[in-house]
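Note: the block below is work_27.cif and it holds mmCIF, C-alpha atoms and all ligand atoms.
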```cif
data_entry
#
loop_
_atom_site.group_PDB
_atom_site.id
_atom_site.type_symbol
_atom_site.label_atom_id
_atom_site.label_comp_id
_atom_site.auth_asym_id
_atom_site.auth_seq_id
_atom_site.Cartn_x
_atom_site.Cartn_y
_atom_site.Cartn_z
ATOM 1 C CA MET A 19 -81.739 -9.493 49.420
ATOM 2 C CA ASP A 20 -79.056 -12.134 50.112
ATOM 3 C CA MET A 21 -76.865 -11.046 53.005
ATOM 4 C CA LYS A 22 -75.446 -14.494 53.784
ATOM 5 C CA ALA A 23 -72.216 -13.841 51.886
ATOM 6 C CA SER A 24 -71.388 -10.684 53.850
ATOM 7 C CA LEU A 25 -68.548 -10.800 56.382
ATOM 8 C CA VAL A 26 -70.287 -8.059 58.353
ATOM 9 C CA ASP A 27 -73.675 -8.378 60.031
ATOM 10 C CA VAL A 28 -75.785 -5.234 60.026
ATOM 11 C CA ASP A 29 -79.342 -4.815 61.263
ATOM 12 C CA TRP A 30 -80.572 -3.501 57.919
ATOM 13 C CA ASP A 31 -84.090 -2.914 59.241
ATOM 14 C CA SER A 32 -82.753 -0.173 61.512
ATOM 15 C CA PHE A 33 -79.834 0.974 59.355
ATOM 16 C CA GLU A 34 -79.843 4.695 58.584
ATOM 17 C CA PRO A 35 -76.947 6.415 56.798
ATOM 18 C CA SER A 36 -76.780 9.191 59.404
ATOM 19 C CA ARG A 37 -77.053 7.015 62.525
ATOM 20 C CA ILE A 38 -74.169 5.481 64.476
ATOM 21 C CA GLN A 39 -74.843 1.771 64.838
ATOM 22 C CA ALA A 40 -73.227 -1.372 66.286
ATOM 23 C CA VAL A 41 -72.337 -4.209 63.886
ATOM 24 C CA ARG A 42 -70.764 -7.657 64.139
ATOM 25 C CA HIS A 43 -68.315 -9.407 61.814
ATOM 26 C CA ARG A 44 -66.138 -12.471 61.177
ATOM 27 C CA LEU A 45 -62.935 -10.815 59.930
ATOM 28 C CA MET A 46 -60.811 -12.053 62.833
ATOM 29 C CA TYR A 47 -60.637 -15.366 60.929
ATOM 30 C CA HIS A 48 -59.608 -13.811 57.615
ATOM 31 C CA PRO A 49 -56.206 -15.072 56.365
ATOM 32 C CA LEU A 50 -55.161 -11.598 55.145
ATOM 33 C CA LEU A 51 -55.431 -10.266 58.699
ATOM 34 C CA ARG A 52 -52.953 -12.722 60.225
ATOM 35 C CA PHE A 53 -50.063 -10.908 61.822
ATOM 36 C CA TYR A 54 -47.412 -12.238 59.431
ATOM 37 C CA GLU A 55 -49.466 -11.024 56.459
ATOM 38 C CA LEU A 56 -49.874 -7.580 58.017
ATOM 39 C CA VAL A 57 -46.104 -7.184 58.492
ATOM 40 C CA GLU A 58 -45.590 -8.098 54.829
ATOM 41 C CA LEU A 59 -48.280 -5.609 53.823
ATOM 42 C CA GLY A 60 -46.578 -2.973 56.007
ATOM 43 C CA LYS A 61 -43.339 -3.480 54.067
ATOM 44 C CA ARG A 62 -45.135 -3.044 50.742
ATOM 45 C CA LEU A 63 -47.105 0.008 51.846
ATOM 46 C CA GLU A 64 -44.011 1.687 53.307
ATOM 47 C CA LEU A 65 -42.571 1.756 49.769
ATOM 48 C CA ARG A 66 -45.744 3.578 48.668
ATOM 49 C CA ARG A 67 -45.644 5.961 51.676
ATOM 50 C CA CYS A 68 -48.951 4.578 52.878
ATOM 51 C CA ILE A 69 -48.038 4.392 56.550
ATOM 52 C CA ARG A 70 -48.976 6.783 59.319
ATOM 53 C CA SER A 71 -47.757 6.449 62.885
ATOM 54 C CA HIS A 72 -47.493 8.306 66.168
ATOM 55 C CA GLY A 73 -46.101 7.474 69.570
ATOM 56 C CA SER A 74 -48.096 6.726 72.678
ATOM 57 C CA GLY A 75 -47.516 10.273 73.936
ATOM 58 C CA ALA A 76 -50.464 11.362 71.778
ATOM 59 C CA ALA A 77 -53.668 11.955 73.747
ATOM 60 C CA ALA A 78 -57.345 12.535 72.945
ATOM 61 C CA GLY A 79 -56.733 16.276 72.508
ATOM 62 C CA THR A 80 -53.606 16.027 70.347
ATOM 63 C CA PRO A 81 -54.310 17.683 66.962
ATOM 64 C CA PHE A 82 -54.916 14.653 64.738
ATOM 65 C CA ASN A 83 -53.240 15.994 61.591
ATOM 66 C CA ALA A 84 -50.079 16.908 63.526
ATOM 67 C CA ALA A 85 -49.868 13.838 65.800
ATOM 68 C CA PRO A 86 -47.096 12.083 63.789
ATOM 69 C CA ASP A 87 -44.919 15.218 64.043
ATOM 70 C CA LEU A 88 -45.767 16.098 67.626
ATOM 71 C CA HIS A 89 -45.297 12.525 68.895
ATOM 72 C CA PRO A 90 -43.060 10.781 66.370
ATOM 73 C CA ASN A 91 -42.570 7.052 66.390
ATOM 74 C CA ALA A 92 -38.837 6.654 65.811
ATOM 75 C CA ARG A 93 -38.945 2.936 65.059
ATOM 76 C CA SER A 94 -39.184 1.487 61.575
ATOM 77 C CA VAL A 95 -42.409 0.056 60.232
ATOM 78 C CA VAL A 96 -41.242 -3.548 60.565
ATOM 79 C CA ASP A 97 -39.739 -2.997 64.030
ATOM 80 C CA THR A 98 -42.944 -1.385 65.214
ATOM 81 C CA LEU A 99 -45.204 -4.095 63.843
ATOM 82 C CA GLN A 100 -43.056 -7.001 65.018
ATOM 83 C CA ASP A 101 -42.724 -5.553 68.514
ATOM 84 C CA ILE A 102 -46.085 -3.822 68.810
ATOM 85 C CA TYR A 103 -46.470 -4.887 72.455
ATOM 86 C CA GLN A 104 -43.416 -2.826 73.464
ATOM 87 C CA ALA A 105 -43.385 -0.254 70.659
ATOM 88 C CA GLN A 106 -45.582 2.351 72.403
ATOM 89 C CA ALA A 107 -47.000 3.300 69.044
ATOM 90 C CA TRP A 108 -50.107 3.618 66.919
ATOM 91 C CA MET A 109 -49.621 2.605 63.299
ATOM 92 C CA SER A 110 -52.055 2.815 60.410
ATOM 93 C CA LEU A 111 -51.622 0.985 57.105
ATOM 94 C CA LEU A 112 -53.308 3.508 54.833
ATOM 95 C CA ASN A 113 -55.302 2.980 51.681
ATOM 96 C CA VAL A 114 -54.667 -0.759 51.633
ATOM 97 C CA GLN A 115 -56.747 -0.895 48.434
ATOM 98 C CA VAL A 116 -53.630 0.246 46.529
ATOM 99 C CA ASP A 117 -52.280 -3.256 47.175
ATOM 100 C CA GLU A 118 -53.923 -5.670 44.761
ATOM 101 C CA THR A 119 -54.306 -8.416 47.355
ATOM 102 C CA TYR A 120 -55.937 -6.129 49.899
ATOM 103 C CA ARG A 121 -58.060 -4.402 47.279
ATOM 104 C CA ALA A 122 -59.785 -7.759 46.990
ATOM 105 C CA LEU A 123 -60.447 -7.676 50.747
ATOM 106 C CA VAL A 124 -61.907 -4.160 50.485
ATOM 107 C CA ASP A 125 -64.152 -5.334 47.655
ATOM 108 C CA GLU A 126 -65.125 -8.488 49.535
ATOM 109 C CA VAL A 127 -66.247 -6.529 52.605
ATOM 110 C CA LEU A 128 -67.815 -3.489 50.947
ATOM 111 C CA GLY A 129 -69.261 -5.592 48.143
ATOM 112 C CA GLY A 130 -71.053 -7.680 50.757
ATOM 113 C CA LEU A 131 -72.443 -4.552 52.415
ATOM 114 C CA LYS A 132 -73.404 -2.733 49.226
ATOM 115 C CA PRO A 133 -76.873 -4.246 48.618
ATOM 116 C CA GLY A 134 -78.020 -3.173 52.089
ATOM 117 C CA ILE A 135 -76.435 0.274 51.854
ATOM 118 C CA ASP A 136 -77.744 0.917 48.326
ATOM 119 C CA ARG A 137 -81.344 0.637 49.488
ATOM 120 C CA VAL A 138 -81.047 3.834 51.536
ATOM 121 C CA ASP A 139 -77.741 5.443 50.533
ATOM 122 C CA PRO A 140 -76.895 4.750 46.874
ATOM 123 C CA GLY A 141 -73.785 5.641 44.901
ATOM 124 C CA MET A 142 -71.062 3.752 46.807
ATOM 125 C CA GLY A 143 -67.599 4.642 45.527
ATOM 126 C CA TYR A 144 -64.203 5.833 46.640
ATOM 127 C CA ARG A 145 -63.752 2.530 48.471
ATOM 128 C CA GLY A 146 -60.896 2.398 50.948
ATOM 129 C CA GLY A 147 -59.397 0.134 53.581
ATOM 130 C CA TRP A 148 -57.340 0.997 56.648
ATOM 131 C CA ILE A 149 -55.647 -1.303 59.143
ATOM 132 C CA PHE A 150 -54.670 -0.011 62.574
ATOM 133 C CA ILE A 151 -52.096 -1.864 64.662
ATOM 134 C CA THR A 152 -51.831 -0.383 68.118
ATOM 135 C CA SER A 153 -49.673 -0.809 71.234
ATOM 136 C CA PRO A 154 -51.308 -1.157 74.646
ATOM 137 C CA ASN A 155 -53.013 2.042 75.842
ATOM 138 C CA ALA A 156 -52.189 4.101 72.724
ATOM 139 C CA VAL A 157 -54.810 6.643 71.650
ATOM 140 C CA THR A 158 -56.301 7.778 68.346
ATOM 141 C CA PRO A 159 -56.834 11.523 68.892
ATOM 142 C CA PHE A 160 -60.249 13.160 68.499
ATOM 143 C CA HIS A 161 -60.990 13.815 64.825
ATOM 144 C CA PHE A 162 -63.424 13.222 61.991
ATOM 145 C CA ASP A 163 -63.189 11.926 58.408
ATOM 146 C CA LYS A 164 -65.176 12.506 55.224
ATOM 147 C CA GLU A 165 -66.099 8.903 54.500
ATOM 148 C CA HIS A 166 -68.748 6.632 55.915
ATOM 149 C CA ASN A 167 -66.873 4.026 57.927
ATOM 150 C CA PHE A 168 -67.390 0.468 59.133
ATOM 151 C CA ILE A 169 -64.795 0.039 61.894
ATOM 152 C CA LEU A 170 -64.235 -3.578 62.958
ATOM 153 C CA GLN A 171 -62.198 -4.965 65.842
ATOM 154 C CA VAL A 172 -60.044 -7.959 64.843
ATOM 155 C CA GLN A 173 -57.706 -8.469 67.787
ATOM 156 C CA GLY A 174 -57.436 -6.965 71.288
ATOM 157 C CA ARG A 175 -59.843 -4.515 72.862
ATOM 158 C CA LYS A 176 -60.411 -0.822 72.547
ATOM 159 C CA THR A 177 -62.928 1.793 73.563
ATOM 160 C CA LEU A 178 -64.417 3.758 70.691
ATOM 161 C CA TYR A 179 -66.147 7.080 71.354
ATOM 162 C CA VAL A 180 -68.316 8.407 68.516
ATOM 163 C CA TRP A 181 -70.359 11.588 68.395
ATOM 164 C CA ASP A 182 -73.347 12.341 66.205
ATOM 165 C CA ARG A 183 -72.380 13.913 62.895
ATOM 166 C CA HIS A 184 -74.795 16.774 63.601
ATOM 167 C CA ASP A 185 -73.540 17.453 67.149
ATOM 168 C CA THR A 186 -72.377 21.054 66.816
ATOM 169 C CA PHE A 187 -71.352 21.162 70.496
ATOM 170 C CA VAL A 188 -68.373 18.871 69.813
ATOM 171 C CA ALA A 189 -67.716 20.028 66.216
ATOM 172 C CA SER A 190 -69.079 23.322 64.887
ATOM 173 C CA ASP A 191 -70.548 23.846 61.415
ATOM 174 C CA ARG A 192 -67.531 26.048 60.734
ATOM 175 C CA ALA A 193 -65.131 23.229 61.678
ATOM 176 C CA ARG A 194 -66.925 20.878 59.278
ATOM 177 C CA ASP A 195 -66.998 23.444 56.450
ATOM 178 C CA ARG A 196 -63.273 24.095 56.815
ATOM 179 C CA PHE A 197 -62.458 20.377 56.921
ATOM 180 C CA HIS A 198 -64.324 19.674 53.695
ATOM 181 C CA ALA A 199 -62.788 22.703 51.992
ATOM 182 C CA CYS A 200 -59.121 22.133 52.847
ATOM 183 C CA HIS A 201 -58.855 18.991 54.987
ATOM 184 C CA GLU A 202 -57.834 20.983 58.064
ATOM 185 C CA ARG A 203 -59.119 19.769 61.422
ATOM 186 C CA ASP A 204 -57.674 22.685 63.390
ATOM 187 C CA LEU A 205 -61.089 23.981 64.487
ATOM 188 C CA LEU A 206 -61.766 20.760 66.376
ATOM 189 C CA ASP A 207 -61.092 21.451 70.039
ATOM 190 C CA TRP A 208 -61.211 18.467 72.387
ATOM 191 C CA LYS A 209 -62.809 18.738 75.825
ATOM 192 C CA ASP A 210 -62.999 15.891 78.299
ATOM 193 C CA ALA A 211 -66.668 16.757 78.917
ATOM 194 C CA PHE A 212 -67.417 15.499 75.381
ATOM 195 C CA ARG A 213 -67.174 11.918 76.668
ATOM 196 C CA GLU A 214 -70.614 12.229 78.297
ATOM 197 C CA ARG A 215 -72.210 12.989 74.915
ATOM 198 C CA ALA A 216 -70.553 10.116 73.051
ATOM 199 C CA LYS A 217 -71.898 6.787 71.952
ATOM 200 C CA VAL A 218 -69.356 4.434 73.528
ATOM 201 C CA PHE A 219 -68.397 1.015 72.118
ATOM 202 C CA HIS A 220 -66.292 -1.402 74.152
ATOM 203 C CA LEU A 221 -64.946 -3.277 71.157
ATOM 204 C CA GLU A 222 -63.716 -6.875 71.253
ATOM 205 C CA PRO A 223 -62.865 -9.164 68.314
ATOM 206 C CA GLY A 224 -65.999 -9.683 66.233
ATOM 207 C CA MET A 225 -67.530 -6.348 67.247
ATOM 208 C CA GLY A 226 -67.619 -3.083 65.359
ATOM 209 C CA ALA A 227 -69.539 0.044 64.514
ATOM 210 C CA TYR A 228 -70.853 2.040 61.602
ATOM 211 C CA MET A 229 -69.752 5.681 61.785
ATOM 212 C CA PRO A 230 -71.391 8.101 59.334
ATOM 213 C CA SER A 231 -69.307 10.681 57.471
ATOM 214 C CA THR A 232 -67.857 13.390 59.756
ATOM 215 C CA SER A 233 -68.967 11.732 62.971
ATOM 216 C CA PRO A 234 -66.238 12.858 65.382
ATOM 217 C CA HIS A 235 -64.500 9.920 67.052
ATOM 218 C CA MET A 236 -61.685 9.070 69.465
ATOM 219 C CA VAL A 237 -60.257 5.672 70.373
ATOM 220 C CA GLU A 238 -58.450 4.408 73.473
ATOM 221 C CA ASN A 239 -56.672 1.078 73.140
ATOM 222 C CA GLY A 240 -56.854 -1.539 75.874
ATOM 223 C CA GLU A 241 -54.110 -3.289 77.826
ATOM 224 C CA ALA A 242 -53.029 -5.533 74.925
ATOM 225 C CA PRO A 243 -51.978 -4.859 71.330
ATOM 226 C CA SER A 244 -54.854 -4.517 68.957
ATOM 227 C CA VAL A 245 -55.698 -4.847 65.273
ATOM 228 C CA THR A 246 -58.633 -2.888 63.897
ATOM 229 C CA VAL A 247 -59.787 -2.505 60.308
ATOM 230 C CA SER A 248 -61.873 0.204 58.700
ATOM 231 C CA PHE A 249 -63.698 0.057 55.397
ATOM 232 C CA THR A 250 -64.771 3.415 54.029
ATOM 233 C CA TYR A 251 -66.695 4.848 51.098
ATOM 234 C CA TYR A 252 -68.532 7.853 49.745
ATOM 235 C CA THR A 253 -72.093 7.850 48.481
ATOM 236 C CA ASP A 254 -74.128 10.324 46.439
ATOM 237 C CA ALA A 255 -75.253 11.897 49.730
ATOM 238 C CA THR A 256 -71.737 12.326 51.160
ATOM 239 C CA ARG A 257 -70.569 13.886 47.879
ATOM 240 C CA ARG A 258 -73.509 16.304 47.990
ATOM 241 C CA ASP A 259 -72.857 17.182 51.644
ATOM 242 C CA SER A 260 -69.165 17.723 50.980
ATOM 243 C CA LEU A 261 -69.959 20.063 48.108
ATOM 244 C CA LEU A 262 -72.322 22.052 50.335
ATOM 245 C CA HIS A 263 -69.726 22.328 53.106
ATOM 246 C CA ARG A 264 -67.166 23.563 50.588
ATOM 247 C CA ALA A 265 -69.701 26.060 49.248
ATOM 248 C CA ASN A 266 -70.411 27.270 52.778
ATOM 249 C CA GLU A 267 -66.710 27.766 53.377
ATOM 250 C CA ARG A 268 -66.603 29.964 50.268
ATOM 251 C CA LEU A 269 -69.498 32.000 51.674
ATOM 252 C CA ARG A 270 -67.611 32.399 54.953
ATOM 253 C CA GLY A 271 -64.651 33.689 52.937
ATOM 254 C CA LEU A 272 -66.987 36.412 51.601
ATOM 255 C CA GLY A 273 -67.835 37.439 55.162
ATOM 256 C CA LEU A 274 -71.187 35.634 55.266
ATOM 257 C CA GLU A 275 -72.379 33.296 58.014
ATOM 258 C CA PRO A 276 -74.273 30.381 56.394
ATOM 259 C CA PRO A 277 -76.828 28.552 58.549
ATOM 260 C CA GLY A 278 -75.163 25.127 58.272
ATOM 261 C CA VAL A 279 -75.636 22.293 55.785
ATOM 262 C CA GLY A 280 -79.172 20.897 55.872
ATOM 263 C CA LYS A 281 -80.660 23.807 57.822
ATOM 264 C CA ASN A 282 -81.967 25.811 54.854
ATOM 265 C CA LYS A 283 -83.100 23.591 51.978
ATOM 266 C CA VAL A 284 -83.619 26.474 49.521
ATOM 267 C CA LEU A 285 -80.111 27.806 50.130
ATOM 268 C CA ASP A 286 -78.664 24.288 49.853
ATOM 269 C CA ALA A 287 -80.439 23.782 46.501
ATOM 270 C CA CYS A 288 -79.060 27.083 45.159
ATOM 271 C CA LEU A 289 -75.533 26.273 46.338
ATOM 272 C CA LEU A 290 -75.689 22.796 44.814
ATOM 273 C CA ALA A 291 -76.791 24.228 41.474
ATOM 274 C CA GLY A 292 -74.011 26.819 41.414
ATOM 275 C CA PHE A 293 -71.092 24.993 42.998
ATOM 276 C CA GLY A 294 -72.037 21.621 41.548
ATOM 277 C CA THR A 295 -71.844 23.022 38.011
ATOM 278 C CA ALA A 296 -68.493 24.685 38.737
ATOM 279 C CA ALA A 297 -67.070 21.427 40.129
ATOM 280 C CA THR A 298 -68.259 19.484 37.073
ATOM 281 C CA VAL A 299 -66.619 22.027 34.762
ATOM 282 C CA ARG A 300 -63.328 21.815 36.728
ATOM 283 C CA ASP A 301 -63.374 17.995 36.461
ATOM 284 C CA GLY A 302 -64.038 18.236 32.711
ATOM 285 C CA ILE A 303 -61.091 20.601 32.202
ATOM 286 C CA ARG A 304 -58.761 18.224 34.068
ATOM 287 C CA ARG A 305 -59.966 15.312 31.967
ATOM 288 C CA LEU A 306 -59.446 17.255 28.706
ATOM 289 C CA ALA A 307 -55.975 18.276 29.864
ATOM 290 C CA GLY A 308 -55.113 14.623 30.485
ATOM 291 C CA LYS A 309 -54.499 15.273 34.187
ATOM 292 C CA PRO A 310 -55.186 12.486 36.667
ATOM 293 C CA MET A 311 -58.681 12.598 38.087
ATOM 294 C CA ARG A 312 -58.809 12.778 41.869
ATOM 295 C CA SER A 313 -62.559 12.918 41.785
ATOM 296 C CA ASP A 314 -64.655 11.726 44.702
ATOM 297 C CA ARG A 315 -66.406 9.648 42.028
ATOM 298 C CA SER A 316 -63.371 7.380 41.642
ATOM 299 C CA PRO A 317 -64.155 3.736 42.417
ATOM 300 C CA TYR A 318 -61.340 3.637 45.000
ATOM 301 C CA ALA A 319 -59.977 6.217 47.415
ATOM 302 C CA CYS A 320 -57.022 8.209 46.110
ATOM 303 C CA VAL A 321 -53.796 8.193 48.103
ATOM 304 C CA GLY A 322 -53.328 11.573 49.696
ATOM 305 C CA ARG A 323 -54.424 13.407 52.803
ATOM 306 C CA HIS A 324 -56.381 11.511 55.397
HETATM 307 FE FE FE B 401 -60.905 8.259 61.757
#
```

Can you dump the structure from the file as structure tokens?
Ligand SMILES: [Fe+2]
Amino acid sequence: MDMKASLVDVDWDSFEPSRIQAVRHRLMYHPLLRFYELVELGKRLELRRCIRSHGSGAAAGTPFNAAPDLHPNARSVVDTLQDIYQAQAWMSLLNVQVDETYRALVDEVLGGLKPGIDRVDPGMGYRGGWIFITSPNAVTPFHFDKEHNFILQVQGRKTLYVWDRHDTFVASDRARDRFHACHERDLLDWKDAFRERAKVFHLEPGMGAYMPSTSPHMVENGEAPSVTVSFTYYTDATRRDSLLHRANERLRGLGLEPPGVGKNKVLDACLLAGFGTAATVRDGIRRLAGKPMRSDRSPYACVGRH
């Protein structure tokens, strides 16, 4: 397996899809991540409503989904990016793969990683890219996401806290089921004591981490502005897990208390058979009706909730 072309270095001998792991990379030298280019990208993505931002009043325990409303950043995208040192803001350029130029970057990075990932976690799809530009000391509140994620530090320093995807002390099975079913993170409840259970990365340019799907995480920026990029994807296993979580949420709606994804293999197999067939039928009906497919089998992530 030729890994020389990859921009990201992963210890493939120890790589496991479910395990948080440190990585290294060379993206701080990439021309598309120069500051001027990022401001231009910000202008283009603003037109496509692919920008998310909150002010530095947001803390670890701020509800992630509501952070932009609870702590709005009043400055424009360009003002924020050009004055990020003073802006007291966190800004994310979302779904950069919608931009043709940056789609090539997403493909370059994830394409380089794919041979290693495929060996143990096949079915890469729903590729996405995210660029975070952050003022000194701003915080990314505690949350989780559906995708597997390679998060890579390009400029500045930040502290990344990541918790095991199976740690039900920091995120209950119910919180995960609800998130997969309706993208709500309202059952996540931050406690400062969680820090002791986290895997902590003190990220500098060239450093990064692999975070498996639904690993809770929280990020504290350092004393200088920072640029961080994330490359995300689904695999056959994440699609299967997501389906099971959604099925469990349906069971909860019927007053049942499922044991949690992965804890009862017979139940999981039954749920996959039933709910998997229903999901396939729903997709088929949308296709026949000529409606746009928002399937998790799309090659690239769809613009929407995040
Ligand atoms: Fe995240």

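Distance-wise, CA of Ala40 (chain A) and CA of Arg315 (chain A) end up 27.5 Å apart.
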
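From CA of Pro133 (chain A) back to CA of Ile149 (chain A), the distance works out to 23.9 Å.
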
Please, which residues in chain A fall within 8 Å of ligand FE 401 (chain B) when counting only C-alpha atoms and all ligand atoms, and what is the closest atom pair and distance in Å to one decimal for each, ordered by chain then residue number, as a Markdown table?
```
| residue | atom | partner | partner_atom | distance |
| --- | --- | --- | --- | --- |
| A:His161 | CA | B:FE401 | FE | 6.3 |
| A:Phe162 | CA | B:FE401 | FE | 5.6 |
| A:Asp163 | CA | B:FE401 | FE | 5.5 |
| A:Pro234 | CA | B:FE401 | FE | 7.9 |
| A:His235 | CA | B:FE401 | FE | 6.6 |
| A:Met236 | CA | B:FE401 | FE | 7.8 |
```

Would you put the residues from that selection into a file with C-alpha atoms, as a compact mmCIF listing (two decimals), in the frame of the given file?
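Done, and the output landed in result.txt:
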```txt
# COMPACT_ATOMS: atom_id res chain seq x y z
CA HIS A 161 -60.99 13.82 64.82
CA PHE A 162 -63.42 13.22 61.99
CA ASP A 163 -63.19 11.93 58.41
CA PRO A 234 -66.24 12.86 65.38
CA HIS A 235 -64.50 9.92 67.05
CA MET A 236 -61.68 9.07 69.46
```

Selection result for the PyMOL selection byres (((chain A and resi 259) around 10) and not hetatm) on this file, as an mmCIF file with C-alpha atoms, in the coordinates of the input:
```cif
data_model
loop_
_atom_site.group_PDB
_atom_site.id
_atom_site.type_symbol
_atom_site.label_atom_id
_atom_site.label_comp_id
_atom_site.auth_asym_id
_atom_site.auth_seq_id
_atom_site.Cartn_x
_atom_site.Cartn_y
_atom_site.Cartn_z
ATOM 1 C CA LYS A 164 -65.176 12.506 55.224
ATOM 2 C CA ASP A 195 -66.998 23.444 56.450
ATOM 3 C CA HIS A 198 -64.324 19.674 53.695
ATOM 4 C CA SER A 231 -69.307 10.681 57.471
ATOM 5 C CA THR A 253 -72.093 7.850 48.481
ATOM 6 C CA ASP A 254 -74.128 10.324 46.439
ATOM 7 C CA ALA A 255 -75.253 11.897 49.730
ATOM 8 C CA THR A 256 -71.737 12.326 51.160
ATOM 9 C CA ARG A 257 -70.569 13.886 47.879
ATOM 10 C CA ARG A 258 -73.509 16.304 47.990
ATOM 11 C CA SER A 260 -69.165 17.723 50.980
ATOM 12 C CA LEU A 261 -69.959 20.063 48.108
ATOM 13 C CA LEU A 262 -72.322 22.052 50.335
ATOM 14 C CA HIS A 263 -69.726 22.328 53.106
ATOM 15 C CA ARG A 264 -67.166 23.563 50.588
ATOM 16 C CA ALA A 265 -69.701 26.060 49.248
ATOM 17 C CA VAL A 279 -75.636 22.293 55.785
ATOM 18 C CA GLY A 280 -79.172 20.897 55.872
ATOM 19 C CA ASP A 286 -78.664 24.288 49.853
ATOM 20 C CA LEU A 290 -75.689 22.796 44.814
#
```

**Study point:** Given the PyMOL selection byres (((chain A and resi 99) around 12) and not hetatm), the residues it picks as a PyMOL selection string
**Key:** chain A and resi 53-61+69+71+91+93-98+100-111+149-153+243-245

Open item on the list: To test your reading of the syntax: which residues would the PyMOL selection byres (((chain A and resi 205) around 12) and not hetatm) return for the file shown? Reply as a ChimeraX atom specification.
Closed with: /A:79,81-83,160-162,186,188-197,200-204,206-208

Include C-alpha atoms and write out the residues we just selected as a PDB file, in the frame of the given file.
```pdb
ATOM      1  CA  GLY A  79     -56.733  16.276  72.508  1.00  0.00           C
ATOM      2  CA  PRO A  81     -54.310  17.683  66.962  1.00  0.00           C
ATOM      3  CA  PHE A  82     -54.916  14.653  64.738  1.00  0.00           C
ATOM      4  CA  ASN A  83     -53.240  15.994  61.591  1.00  0.00           C
ATOM      5  CA  PHE A 160     -60.249  13.160  68.499  1.00  0.00           C
ATOM      6  CA  HIS A 161     -60.990  13.815  64.825  1.00  0.00           C
ATOM      7  CA  PHE A 162     -63.424  13.222  61.991  1.00  0.00           C
ATOM      8  CA  THR A 186     -72.377  21.054  66.816  1.00  0.00           C
ATOM      9  CA  VAL A 188     -68.373  18.871  69.813  1.00  0.00           C
ATOM     10  CA  ALA A 189     -67.716  20.028  66.216  1.00  0.00           C
ATOM     11  CA  SER A 190     -69.079  23.322  64.887  1.00  0.00           C
ATOM     12  CA  ASP A 191     -70.548  23.846  61.415  1.00  0.00           C
ATOM     13  CA  ARG A 192     -67.531  26.048  60.734  1.00  0.00           C
ATOM     14  CA  ALA A 193     -65.131  23.229  61.678  1.00  0.00           C
ATOM     15  CA  ARG A 194     -66.925  20.878  59.278  1.00  0.00           C
ATOM     16  CA  ASP A 195     -66.998  23.444  56.450  1.00  0.00           C
ATOM     17  CA  ARG A 196     -63.273  24.095  56.815  1.00  0.00           C
ATOM     18  CA  PHE A 197     -62.458  20.377  56.921  1.00  0.00           C
ATOM     19  CA  CYS A 200     -59.121  22.133  52.847  1.00  0.00           C
ATOM     20  CA  HIS A 201     -58.855  18.991  54.987  1.00  0.00           C
ATOM     21  CA  GLU A 202     -57.834  20.983  58.064  1.00  0.00           C
ATOM     22  CA  ARG A 203     -59.119  19.769  61.422  1.00  0.00           C
ATOM     23  CA  ASP A 204     -57.674  22.685  63.390  1.00  0.00           C
ATOM     24  CA  LEU A 206     -61.766  20.760  66.376  1.00  0.00           C
ATOM     25  CA  ASP A 207     -61.092  21.451  70.039  1.00  0.00           C
ATOM     26  CA  TRP A 208     -61.211  18.467  72.387  1.00  0.00           C
TER      27      TRP A 208
END
```

CA of Leu128 (chain A) sits from CA of Val157 (chain A) at a separation of 26.5 Å

Tyr179 (chain A) proximity check over A:Val127, A:Ala84, A:Ala199, A:Ile38, using all atoms listed in the file: winner is A:Ile38

With distances taken over all atoms listed in the file, the candidate from A:Glu238, A:Asp136, A:Glu275, A:Glu222 nearest Val180 (chain A) is A:Glu238

### Task
May I have the protein, DNA and RNA residues with any atom at most 10 Å from the point (-69.6, -4.6, 51.0), counting only C-alpha atoms, written as a ChimeraX atom specification?
/A:21,23-26,123-135,142,145,168,249-251

Counting only C-alpha atoms, closest pick from A:Lys209, A:Asp139, A:Met225, A:Val116 relative to Arg44 (chain A) is A:Met225
